[in-house]
$ cat coords12.cif   # mmCIF, C-alpha atoms
data_entry
#
loop_
_atom_site.label_atom_id
_atom_site.label_comp_id
_atom_site.auth_asym_id
_atom_site.auth_seq_id
_atom_site.Cartn_x
_atom_site.Cartn_y
_atom_site.Cartn_z
CA MET Q 1227 139.11 96.70 87.38
CA LYS Q 1228 141.37 97.99 90.14
CA VAL Q 1229 143.14 94.69 90.72
CA ASP Q 1230 146.73 93.49 90.61
CA ALA Q 1231 146.17 91.77 87.27
CA ILE Q 1232 143.57 91.44 84.57
CA VAL Q 1233 143.49 88.55 82.11
CA ASN Q 1234 143.31 89.40 78.43
CA THR Q 1235 142.08 86.73 76.05
CA THR Q 1236 144.06 87.30 72.87
CA ASN Q 1237 145.40 85.66 69.70
CA GLU Q 1238 148.72 83.90 69.18
CA GLU Q 1239 150.26 87.06 67.69
CA MET Q 1240 149.19 89.04 70.82
CA VAL Q 1241 147.77 91.81 68.62
CA GLY Q 1242 144.55 93.44 69.79
CA TYR Q 1243 142.35 93.01 66.75
CA SER Q 1244 138.89 93.00 68.33
CA GLY Q 1245 136.72 92.64 71.41
CA VAL Q 1246 138.26 92.68 74.88
CA ASP Q 1247 141.73 92.35 73.37
CA PHE Q 1248 141.30 95.56 71.36
CA ALA Q 1249 139.91 97.44 74.37
CA VAL Q 1250 142.82 96.32 76.58
CA HIS Q 1251 145.45 97.43 74.08
CA GLU Q 1252 143.68 100.73 73.48
CA GLY Q 1253 143.41 101.42 77.21
CA ALA Q 1254 146.96 100.40 78.08
CA GLY Q 1255 148.60 102.42 75.30
CA ALA Q 1256 151.34 101.99 72.69
CA GLU Q 1257 153.90 100.63 75.18
CA LEU Q 1258 151.84 97.47 75.56
CA ASP Q 1259 151.94 96.88 71.80
CA LYS Q 1260 155.74 97.04 71.87
CA GLU Q 1261 156.06 94.56 74.75
CA CYS Q 1262 153.58 92.16 73.13
CA ARG Q 1263 155.50 92.17 69.84
CA HIS Q 1264 158.60 91.23 71.82
CA LEU Q 1265 156.83 88.36 73.67
CA ALA Q 1266 154.89 86.87 70.74
CA PRO Q 1267 154.06 84.21 69.67
CA LEU Q 1268 151.70 82.93 72.37
CA GLY Q 1269 150.85 79.23 72.23
CA LEU Q 1270 147.31 77.96 72.68
CA GLY Q 1271 146.48 77.41 76.34
CA THR Q 1272 149.59 79.23 77.57
CA ALA Q 1273 149.90 82.60 79.32
CA LYS Q 1274 152.38 85.48 79.43
CA ILE Q 1275 152.46 88.58 81.62
CA THR Q 1276 153.12 92.24 80.81
CA LYS Q 1277 152.90 95.51 82.67
CA GLY Q 1278 149.50 97.19 82.95
CA TYR Q 1279 150.76 100.56 81.67
CA ASN Q 1280 147.83 103.02 81.53
CA LEU Q 1281 145.30 100.60 83.02
CA ASP Q 1282 144.27 100.47 86.69
CA ALA Q 1283 145.74 96.97 86.94
CA LYS Q 1284 149.47 96.49 87.65
CA TYR Q 1285 149.75 93.61 85.21
CA ILE Q 1286 148.04 92.12 82.18
CA ILE Q 1287 148.09 88.35 81.80
CA HIS Q 1288 147.61 87.38 78.16
CA THR Q 1289 146.26 83.95 77.22
CA SER Q 1290 145.19 82.38 73.94
CA GLY Q 1291 141.97 80.41 74.15
CA PRO Q 1292 140.44 77.80 71.84
CA ILE Q 1293 138.05 78.37 68.95
CA TRP Q 1294 134.79 76.50 69.59
CA GLN Q 1295 134.38 73.54 67.23
CA GLY Q 1296 131.48 71.80 68.88
CA GLY Q 1297 133.44 70.57 71.87
CA LEU Q 1298 135.05 67.65 70.07
CA ALA Q 1299 138.46 69.17 69.32
CA GLY Q 1300 139.89 69.33 72.85
CA GLU Q 1301 138.57 72.83 73.53
CA SER Q 1302 137.94 72.14 77.21
CA ILE Q 1303 141.54 70.98 77.75
CA ILE Q 1304 142.89 74.19 76.20
CA LEU Q 1305 140.41 76.34 78.12
CA LYS Q 1306 141.36 74.71 81.42
CA SER Q 1307 145.03 75.38 80.66
CA CYS Q 1308 144.26 79.05 79.94
CA TYR Q 1309 142.69 79.55 83.37
CA LEU Q 1310 145.28 77.51 85.29
CA GLU Q 1311 148.33 79.05 83.60
CA SER Q 1312 146.92 82.54 84.17
CA LEU Q 1313 146.23 81.82 87.84
CA LYS Q 1314 149.74 80.42 88.31
CA LEU Q 1315 151.29 83.52 86.72
CA ALA Q 1316 149.27 85.76 89.02
CA VAL Q 1317 150.52 83.90 92.12
CA GLU Q 1318 154.13 83.77 90.87
CA ASN Q 1319 154.12 87.55 90.40
CA GLY Q 1320 152.81 88.25 93.88
CA CYS Q 1321 149.29 89.24 92.83
CA GLU Q 1322 146.61 89.23 95.49
CA SER Q 1323 143.73 89.85 93.08
CA VAL Q 1324 143.03 89.01 89.45
CA ALA Q 1325 140.07 89.58 87.13
CA PHE Q 1326 139.09 87.19 84.32
CA PRO Q 1327 136.78 87.60 81.36
CA LEU Q 1328 134.98 84.55 79.95
CA ILE Q 1329 137.86 83.24 77.84
CA SER Q 1330 136.97 82.37 74.22
CA ALA Q 1331 133.31 83.29 74.80
CA GLY Q 1332 133.40 86.22 72.35
CA THR Q 1333 134.52 85.99 68.74
CA TYR Q 1334 135.88 82.47 69.31
CA GLY Q 1335 132.32 81.27 69.88
CA TYR Q 1336 132.72 79.10 73.00
CA PRO Q 1337 129.21 78.90 74.61
CA LYS Q 1338 129.16 81.46 77.40
CA ASP Q 1339 127.25 79.34 79.89
CA LYS Q 1340 129.74 76.48 79.42
CA VAL Q 1341 132.72 78.81 79.94
CA LEU Q 1342 131.16 80.29 83.09
CA LYS Q 1343 130.51 76.95 84.80
CA PHE Q 1344 133.88 75.57 83.68
CA ALA Q 1345 135.73 78.67 84.93
CA VAL Q 1346 134.00 78.55 88.33
CA GLN Q 1347 134.98 74.91 88.76
CA ILE Q 1348 138.65 75.43 87.82
CA ILE Q 1349 139.08 78.61 89.87
CA THR Q 1350 137.40 77.05 92.93
CA GLU Q 1351 139.73 74.05 92.86
CA PHE Q 1352 142.77 76.33 92.49
CA LEU Q 1353 141.75 78.55 95.41
CA PHE Q 1354 141.61 75.65 97.85
CA THR Q 1355 145.41 75.62 97.77
CA HIS Q 1356 146.17 79.29 97.06
CA GLU Q 1357 145.31 82.65 98.62
CA LEU Q 1358 144.00 84.86 95.84
CA THR Q 1359 140.92 87.00 95.18
CA VAL Q 1360 139.50 86.15 91.77
CA TYR Q 1361 136.82 88.08 89.89
CA LEU Q 1362 134.88 86.68 86.93
CA CYS Q 1363 133.68 89.57 84.81
CA VAL Q 1364 130.45 88.80 82.98
CA PHE Q 1365 129.56 91.26 80.22
CA ASP Q 1366 125.78 90.92 80.54
CA ARG Q 1367 122.98 88.53 81.54
CA THR Q 1368 123.16 86.74 78.18
CA SER Q 1369 126.51 85.37 79.31
CA TYR Q 1370 124.79 82.56 81.15
CA GLU Q 1371 121.58 80.58 80.94
CA PHE Q 1372 119.90 80.33 84.31
CA SER Q 1373 117.59 77.31 84.47
CA LYS Q 1374 114.05 78.47 83.67
CA GLU Q 1375 112.70 75.46 85.54
CA LEU Q 1376 114.68 76.40 88.65
CA PHE Q 1377 113.70 80.06 88.25
CA ASN Q 1378 110.00 79.13 88.19
CA GLU Q 1379 110.43 76.79 91.16
CA ILE Q 1380 112.14 79.46 93.25
CA SER Q 1381 109.56 82.05 92.17
CA LYS Q 1382 106.76 79.75 93.32
CA PHE Q 1383 108.58 79.13 96.61
CA ILE Q 1384 108.86 82.89 97.14
CA ASP Q 1385 105.19 83.48 96.34
CA ASP Q 1386 103.75 80.56 98.28
CA ASP Q 1387 102.62 81.10 101.86
CA TYR Q 1388 104.11 77.78 102.98
CA GLY Q 1389 101.03 75.62 102.41
CA PHE Q 1390 98.33 78.23 103.07
CA LYS Q 1391 96.44 79.73 100.18
CA GLU Q 1392 97.13 83.44 100.33
CA LYS Q 1393 94.43 85.99 99.53
CA ARG Q 1394 95.00 89.70 99.24
CA GLY Q 1395 93.25 91.66 101.97
CA PHE Q 1396 92.18 88.46 103.74
CA THR Q 1397 92.62 88.23 107.49
CA HIS Q 1398 92.51 84.90 109.30
CA ARG Q 1399 90.07 84.96 112.24
CA PHE Q 1400 90.16 82.24 114.89
CA ASN Q 1401 86.97 81.37 116.78
CA SER Q 1402 86.18 78.60 119.23
CA ARG Q 1403 83.31 76.41 118.15
CA ALA Q 1404 81.95 73.03 119.17
CA ALA Q 1405 82.91 70.24 116.82
CA ASN Q 1406 81.64 66.69 116.99
CA ARG Q 1407 85.10 65.28 116.34
CA ARG Q 1408 87.37 63.17 118.48
CA CYS Q 1409 90.19 64.91 120.34
CA ASP Q 1410 93.64 63.78 119.13
CA THR Q 1411 94.83 63.41 122.75
CA CYS Q 1412 91.95 61.97 124.80
CA GLU Q 1413 89.51 60.88 122.07
CA ASP Q 1414 86.76 62.91 123.77
CA GLU Q 1415 84.16 63.54 121.07
CA SER Q 1416 82.53 66.31 123.11
CA ALA Q 1417 85.69 68.38 123.40
CA THR Q 1418 85.62 71.88 122.02
CA ALA Q 1419 88.09 72.39 119.15
CA VAL Q 1420 89.51 75.53 117.61
CA PHE Q 1421 89.52 75.93 113.84
CA PRO Q 1422 90.62 78.86 111.68
CA GLU Q 1423 87.90 80.33 109.53
CA CYS Q 1424 89.82 79.99 106.28
CA ASP Q 1425 89.93 77.71 103.27
CA VAL Q 1426 92.47 75.27 104.73
CA SER Q 1427 91.00 71.79 105.16
CA GLU Q 1428 90.07 71.09 108.78
CA LYS Q 1429 91.29 67.53 108.34
CA SER Q 1430 94.84 68.79 107.88
CA LEU Q 1431 94.82 70.63 111.19
CA PRO Q 1432 95.40 69.11 114.67
CA ILE Q 1433 92.53 69.65 117.10
CA PRO Q 1434 93.58 71.59 120.20
CA CYS Q 1435 91.45 70.01 122.91
CA MET Q 1436 89.83 72.29 125.49
CA ALA Q 1437 89.08 69.39 127.86
CA PRO Q 1438 91.05 68.80 131.12
CA CYS Q 1439 93.07 65.99 129.42
CA ALA Q 1440 95.47 68.48 127.86
CA PRO Q 1441 97.59 70.14 130.56
CA MET Q 1442 98.60 73.71 130.01
CA PRO Q 1443 102.27 74.16 129.08
CA PRO Q 1444 104.42 75.76 131.76
CA MET Q 1445 104.65 79.51 131.41
CA GLN Q 1446 107.97 80.86 130.25
CA LYS Q 1447 109.70 83.15 132.66
CA PRO Q 1448 109.70 86.60 131.00
CA GLU Q 1449 113.11 87.93 130.13
CA HIS Q 1450 112.58 91.15 132.06
CA ALA Q 1451 112.23 89.08 135.25
CA ASP Q 1452 115.91 88.14 134.97
CA ALA Q 1453 116.92 91.77 134.78
CA ARG Q 1454 114.59 93.06 137.50
CA ASP Q 1455 116.85 92.34 140.48
CA LYS Q 1456 120.22 92.57 138.76
CA SER Q 1457 122.63 95.37 138.06
CA LEU Q 1458 123.48 96.15 134.44
CA GLU Q 1459 126.92 94.64 134.94
CA GLU Q 1460 125.47 91.38 136.27
CA TYR Q 1461 122.86 91.26 133.52
CA MET Q 1462 125.46 91.80 130.76
CA LYS Q 1463 127.54 88.89 132.06
CA ALA Q 1464 124.75 86.54 130.99
CA MET Q 1465 125.10 87.46 127.28
CA ASP Q 1466 125.02 84.69 124.69
CA LYS Q 1467 128.10 83.85 122.64
CA SER Q 1468 129.14 86.33 119.97
CA PHE Q 1469 128.94 85.50 116.26
CA ALA Q 1470 132.63 84.61 116.07
CA TYR Q 1471 132.56 82.17 118.99
CA LYS Q 1472 129.35 80.61 117.68
CA LEU Q 1473 131.00 80.27 114.25
CA PHE Q 1474 134.09 78.61 115.74
CA ASP Q 1475 131.86 76.16 117.62
CA TYR Q 1476 130.09 75.16 114.40
CA ILE Q 1477 133.41 74.79 112.54
CA ASP Q 1478 134.65 72.42 115.24
CA SER Q 1479 131.39 70.46 115.41
CA LYS Q 1480 131.42 69.95 111.62
CA GLY Q 1481 135.02 68.74 111.70
CA MET Q 1482 136.25 71.47 109.34
CA THR Q 1483 139.38 73.58 109.39
CA ASP Q 1484 139.20 77.37 109.37
CA VAL Q 1485 140.67 77.46 105.85
CA GLU Q 1486 138.14 74.95 104.50
CA CYS Q 1487 135.32 76.95 106.00
CA TYR Q 1488 136.18 80.42 104.73
CA LYS Q 1489 137.11 79.14 101.27
CA LYS Q 1490 133.81 77.24 100.97
CA ALA Q 1491 132.06 80.40 102.14
CA ASN Q 1492 133.66 82.45 99.34
CA VAL Q 1493 135.18 84.69 102.02
CA ASP Q 1494 138.75 85.93 101.81
CA LYS Q 1495 141.48 85.36 104.36
CA LYS Q 1496 141.55 89.02 105.44
CA THR Q 1497 137.92 88.94 106.45
CA PHE Q 1498 138.37 85.73 108.43
CA SER Q 1499 141.44 87.21 110.13
CA LYS Q 1500 139.30 90.17 111.27
CA ILE Q 1501 136.87 87.71 112.84
CA LYS Q 1502 139.65 85.88 114.70
CA CYS Q 1503 141.35 89.10 115.84
CA ASN Q 1504 138.18 90.63 117.26
CA PRO Q 1505 135.88 87.70 118.13
CA GLN Q 1506 133.82 89.48 120.76
CA ASN Q 1507 132.91 92.56 118.71
CA TYR Q 1508 133.03 91.44 115.08
CA ARG Q 1509 129.65 91.89 113.40
CA PRO Q 1510 129.32 90.44 109.88
CA SER Q 1511 127.15 91.60 107.02
CA LYS Q 1512 124.17 89.37 106.42
CA GLN Q 1513 125.60 87.93 103.18
CA THR Q 1514 128.84 87.01 104.96
CA ALA Q 1515 127.03 85.36 107.88
CA VAL Q 1516 124.78 83.38 105.53
CA ALA Q 1517 127.82 82.39 103.44
CA PHE Q 1518 129.35 80.73 106.50
CA ALA Q 1519 126.06 78.94 107.21
CA ILE Q 1520 126.07 77.58 103.65
CA ALA Q 1521 129.73 76.54 103.89
CA LEU Q 1522 128.98 74.68 107.12
CA GLU Q 1523 125.83 73.12 105.59
CA LEU Q 1524 123.70 74.22 108.52
CA THR Q 1525 120.00 73.46 108.82
CA ILE Q 1526 117.44 76.28 108.92
CA ASP Q 1527 117.40 76.19 112.74
CA GLU Q 1528 121.21 76.15 112.94
CA THR Q 1529 121.40 79.00 110.43
CA GLN Q 1530 118.96 81.04 112.49
CA ASP Q 1531 121.05 80.26 115.57
CA LEU Q 1532 124.23 81.50 113.91
CA LEU Q 1533 122.56 84.61 112.46
CA SER Q 1534 120.89 85.51 115.75
CA SER Q 1535 124.32 85.75 117.40
CA ALA Q 1536 124.96 88.68 115.01
CA GLY Q 1537 121.54 90.25 115.53
CA LEU Q 1538 120.31 88.89 112.17
CA THR Q 1539 117.62 86.50 111.02
CA LEU Q 1540 116.21 84.76 107.95
CA SER Q 1541 112.73 86.18 107.61
CA ARG Q 1542 109.89 85.25 105.28
CA SER Q 1543 109.54 88.84 104.09
CA PHE Q 1544 112.56 89.28 101.83
CA VAL Q 1545 113.47 87.69 98.50
CA PHE Q 1546 117.09 87.14 99.57
CA ASP Q 1547 116.01 85.29 102.71
CA LYS Q 1548 113.50 83.10 100.89
CA ILE Q 1549 116.04 82.08 98.25
CA ILE Q 1550 118.45 81.03 101.01
CA ARG Q 1551 115.65 79.10 102.71
CA TYR Q 1552 114.82 77.38 99.41
CA PHE Q 1553 118.36 76.05 98.89
CA ILE Q 1554 118.83 74.99 102.52
CA GLN Q 1555 115.53 73.11 102.51
CA LYS Q 1556 116.57 71.43 99.25
CA GLY Q 1557 119.90 70.45 100.82
CA ASN Q 1558 121.80 72.30 98.07
CA TYR Q 1559 124.81 74.06 99.61
CA ASN Q 1560 126.66 74.91 96.39
CA ILE Q 1561 127.44 78.58 97.03
CA PHE Q 1562 128.03 79.33 93.35
CA GLU Q 1563 124.66 77.92 92.30
CA ILE Q 1564 123.05 79.93 95.10
CA ASN Q 1565 124.83 83.07 93.90
CA GLU Q 1566 123.61 82.45 90.35
CA ALA Q 1567 120.06 82.33 91.68
CA LEU Q 1568 120.58 85.46 93.78
CA PHE Q 1569 122.03 87.24 90.74
CA GLU Q 1570 119.03 86.20 88.63
CA PHE Q 1571 116.68 87.72 91.22
CA ASP Q 1572 118.81 90.91 91.55
CA GLN Q 1573 119.94 90.13 95.10
CA VAL Q 1574 123.27 90.69 96.84
CA LEU Q 1575 125.63 87.72 96.47
CA LEU Q 1576 127.07 85.57 99.25
CA GLY Q 1577 130.64 85.97 100.46
CA CYS Q 1578 132.78 89.05 100.28
#
$ encode --input "coords12.cif" --output "structure tokens"
Amino acid sequence: MKVDAIVNTTNEEMVGYSGVDFAVHEGAGAELDKECRHLAPLGLGTAKITKGYNLDAKYIIHTSGPIWQGGLAGESIILKSCYLESLKLAVENGCESVAFPLISAGTYGYPKDKVLKFAVQIITEFLFTHELTVYLCVFDRTSYEFSKELFNEISKFIDDDYGFKEKRGFTHRFNSRAANRRCDTCEDESATAVFPECDVSEKSLPIPCMAPCAPMPPMQKPEHADARDKSLEEYMKAMDKSFAYKLFDYIDSKGMTDVECYKKANVDKKTFSKIKCNPQNYRPSKQTAVAFAIALELTIDETQDLLSSAGLTLSRSFVFDKIIRYFIQKGNYNIFEINEALFEFDQVLLGC
């Protein structure tokens, strides 16, 4: 990792016997071994920092995690200390970025899924009061257990056609036909109704009455009519708000601070500064725009409103979009749970 610091989970003697520890020592070179011998011993739950030597990282933060004993021997307390002490050392040494492995999840046997969720919680709390980019490096998909029940539920949501039974190669045709049923508006039993020729129950559909009781809605003025008698300069003055200004409006309306918003969105300070410095022309990536919508706990309509200001939308044609729709409709705005689901379905993650 090309970061300011990587965290090495090691033993109290700080000797790279196996696993990540061995790989770090081998990559950094013999000078690291000398410095570690000078710094040892390393107490459980504590952290010490060395140079990065031959690694891409400037520093290596060494921490000694707990051996898993069923969770009844204070392992979580030690594990929390490992993450916090490492984070504090990174900040104290002027690091702007740090990469963590899943501490104690290898030869020490701490359940990987427990470490992952615990680490996310601790790091998130720390970042609300500190400016730091933190990476959690997961070795492979076996490092966490994504809920099979949730996976199946999301899969069904993606496959479903929102209440209509989907058939391959089937085209819905709409024909007018007389129906001896009462109109929902005027109760005229002789009114002509329109039904789709498909397998959706007619009882579940409202009857659009063709009788004079139902006035026609006013016609929308076409957009090109606004432009017809205007110069380009006049027409451009009527532009909607840009993404940045729309975002700032939502932040204010939700009673949040800028810092609360971008931290909840898993977006770094540099990115938010770019938005503030160039509010009229800043155009976000889709994952960044959606991340802000999640942080602000916007509804589907509000999310579409925010995305449209950046020329984006949540469609029903992409897996990423449907997963976001699923969580918003469920009222679940936990960005890390959403990212776990996106990762499980091989989608790009939220934030930046």
$ atom_distance --input "coords12.cif" --atom1 "atom CA of Q:Ser1330" --atom2 "atom CA of Q:Lys1374"
25.1 Å
$ closest_residue --input "coords12.cif" --among "Q:Glu1379, Q:Gly1242, Q:Tyr1334, Q:Ala1273" --to "Q:Leu1258" --atoms "all atoms listed in the file"
Q:Gly1242
$ closest_residue --input "coords12.cif" --among "Q:Ala1254, Q:Ile1287, Q:Val1545, Q:Ala1491" --to "Q:Phe1383" --atoms "only C-alpha atoms"
Q:Val1545
$ residues_around --input "coords12.cif" --residues "Q:Arg1263" --least-positions-apart "6" --cutoff "8 Å" --atoms "all atoms listed in the file" --output "list in words"
Glu1239, Met1240 and Val1241 of chain Q
$ resolve_selection --input "coords12.cif" --expression "the PyMOL selection byres ((chain Q and resi 1352) around 12)" --output "PDB file with C-alpha atoms, in the frame of the given file"
ATOM      1  CA  LYS Q1306     141.360  74.710  81.420  1.00  0.00           C
ATOM      2  CA  TYR Q1309     142.690  79.550  83.370  1.00  0.00           C
ATOM      3  CA  LEU Q1310     145.280  77.510  85.290  1.00  0.00           C
ATOM      4  CA  GLU Q1311     148.330  79.050  83.600  1.00  0.00           C
ATOM      5  CA  SER Q1312     146.920  82.540  84.170  1.00  0.00           C
ATOM      6  CA  LEU Q1313     146.230  81.820  87.840  1.00  0.00           C
ATOM      7  CA  LYS Q1314     149.740  80.420  88.310  1.00  0.00           C
ATOM      8  CA  ALA Q1316     149.270  85.760  89.020  1.00  0.00           C
ATOM      9  CA  VAL Q1317     150.520  83.900  92.120  1.00  0.00           C
ATOM     10  CA  ALA Q1345     135.730  78.670  84.930  1.00  0.00           C
ATOM     11  CA  VAL Q1346     134.000  78.550  88.330  1.00  0.00           C
ATOM     12  CA  GLN Q1347     134.980  74.910  88.760  1.00  0.00           C
ATOM     13  CA  ILE Q1348     138.650  75.430  87.820  1.00  0.00           C
ATOM     14  CA  ILE Q1349     139.080  78.610  89.870  1.00  0.00           C
ATOM     15  CA  THR Q1350     137.400  77.050  92.930  1.00  0.00           C
ATOM     16  CA  GLU Q1351     139.730  74.050  92.860  1.00  0.00           C
ATOM     17  CA  LEU Q1353     141.750  78.550  95.410  1.00  0.00           C
ATOM     18  CA  PHE Q1354     141.610  75.650  97.850  1.00  0.00           C
ATOM     19  CA  THR Q1355     145.410  75.620  97.770  1.00  0.00           C
ATOM     20  CA  HIS Q1356     146.170  79.290  97.060  1.00  0.00           C
ATOM     21  CA  GLU Q1357     145.310  82.650  98.620  1.00  0.00           C
ATOM     22  CA  LEU Q1358     144.000  84.860  95.840  1.00  0.00           C
ATOM     23  CA  THR Q1359     140.920  87.000  95.180  1.00  0.00           C
ATOM     24  CA  VAL Q1360     139.500  86.150  91.770  1.00  0.00           C
ATOM     25  CA  LYS Q1489     137.110  79.140 101.270  1.00  0.00           C
TER      26      LYS Q1489
END
$ residues_around --input "coords12.cif" --residues "Q:Ala1266" --least-positions-apart "6" --cutoff "12 Å" --atoms "only C-alpha atoms" --output "PyMOL selection string"
chain Q and resi 1236-1241+1259-1260+1272-1276+1288-1290
$ build_atoms --input "coords12.cif" --residues "stretch 1534-1545 of chain Q" --atoms "N, CA and C atoms" --output "compact mmCIF listing (two decimals), in the coordinates of the input"
# COMPACT_ATOMS: atom_id res chain seq x y z
N SER Q 1534 121.38 84.78 114.58
CA SER Q 1534 120.89 85.51 115.75
C SER Q 1534 122.04 86.01 116.62
N SER Q 1535 123.16 85.32 116.61
CA SER Q 1535 124.32 85.75 117.40
C SER Q 1535 124.92 87.05 116.85
N ALA Q 1536 124.52 87.42 115.61
CA ALA Q 1536 124.96 88.68 115.01
C ALA Q 1536 123.81 89.67 114.91
N GLY Q 1537 122.70 89.36 115.58
CA GLY Q 1537 121.54 90.25 115.53
C GLY Q 1537 120.81 90.19 114.21
N LEU Q 1538 120.91 89.05 113.50
CA LEU Q 1538 120.31 88.89 112.17
C LEU Q 1538 119.32 87.74 112.19
N THR Q 1539 118.56 87.61 111.14
CA THR Q 1539 117.62 86.50 111.02
C THR Q 1539 117.28 86.25 109.56
N LEU Q 1540 116.79 85.06 109.26
CA LEU Q 1540 116.21 84.76 107.95
C LEU Q 1540 114.70 84.92 108.10
N SER Q 1541 114.16 85.94 107.49
CA SER Q 1541 112.73 86.18 107.61
C SER Q 1541 112.00 85.56 106.41
N ARG Q 1542 110.69 85.69 106.42
CA ARG Q 1542 109.89 85.25 105.28
C ARG Q 1542 109.40 86.45 104.47
N SER Q 1543 110.02 87.61 104.71
CA SER Q 1543 109.54 88.84 104.09
C SER Q 1543 110.44 89.38 102.99
N PHE Q 1544 111.62 88.76 102.80
CA PHE Q 1544 112.56 89.28 101.83
C PHE Q 1544 112.94 88.20 100.82
N VAL Q 1545 113.12 88.62 99.58
CA VAL Q 1545 113.47 87.69 98.50
C VAL Q 1545 114.78 86.98 98.81
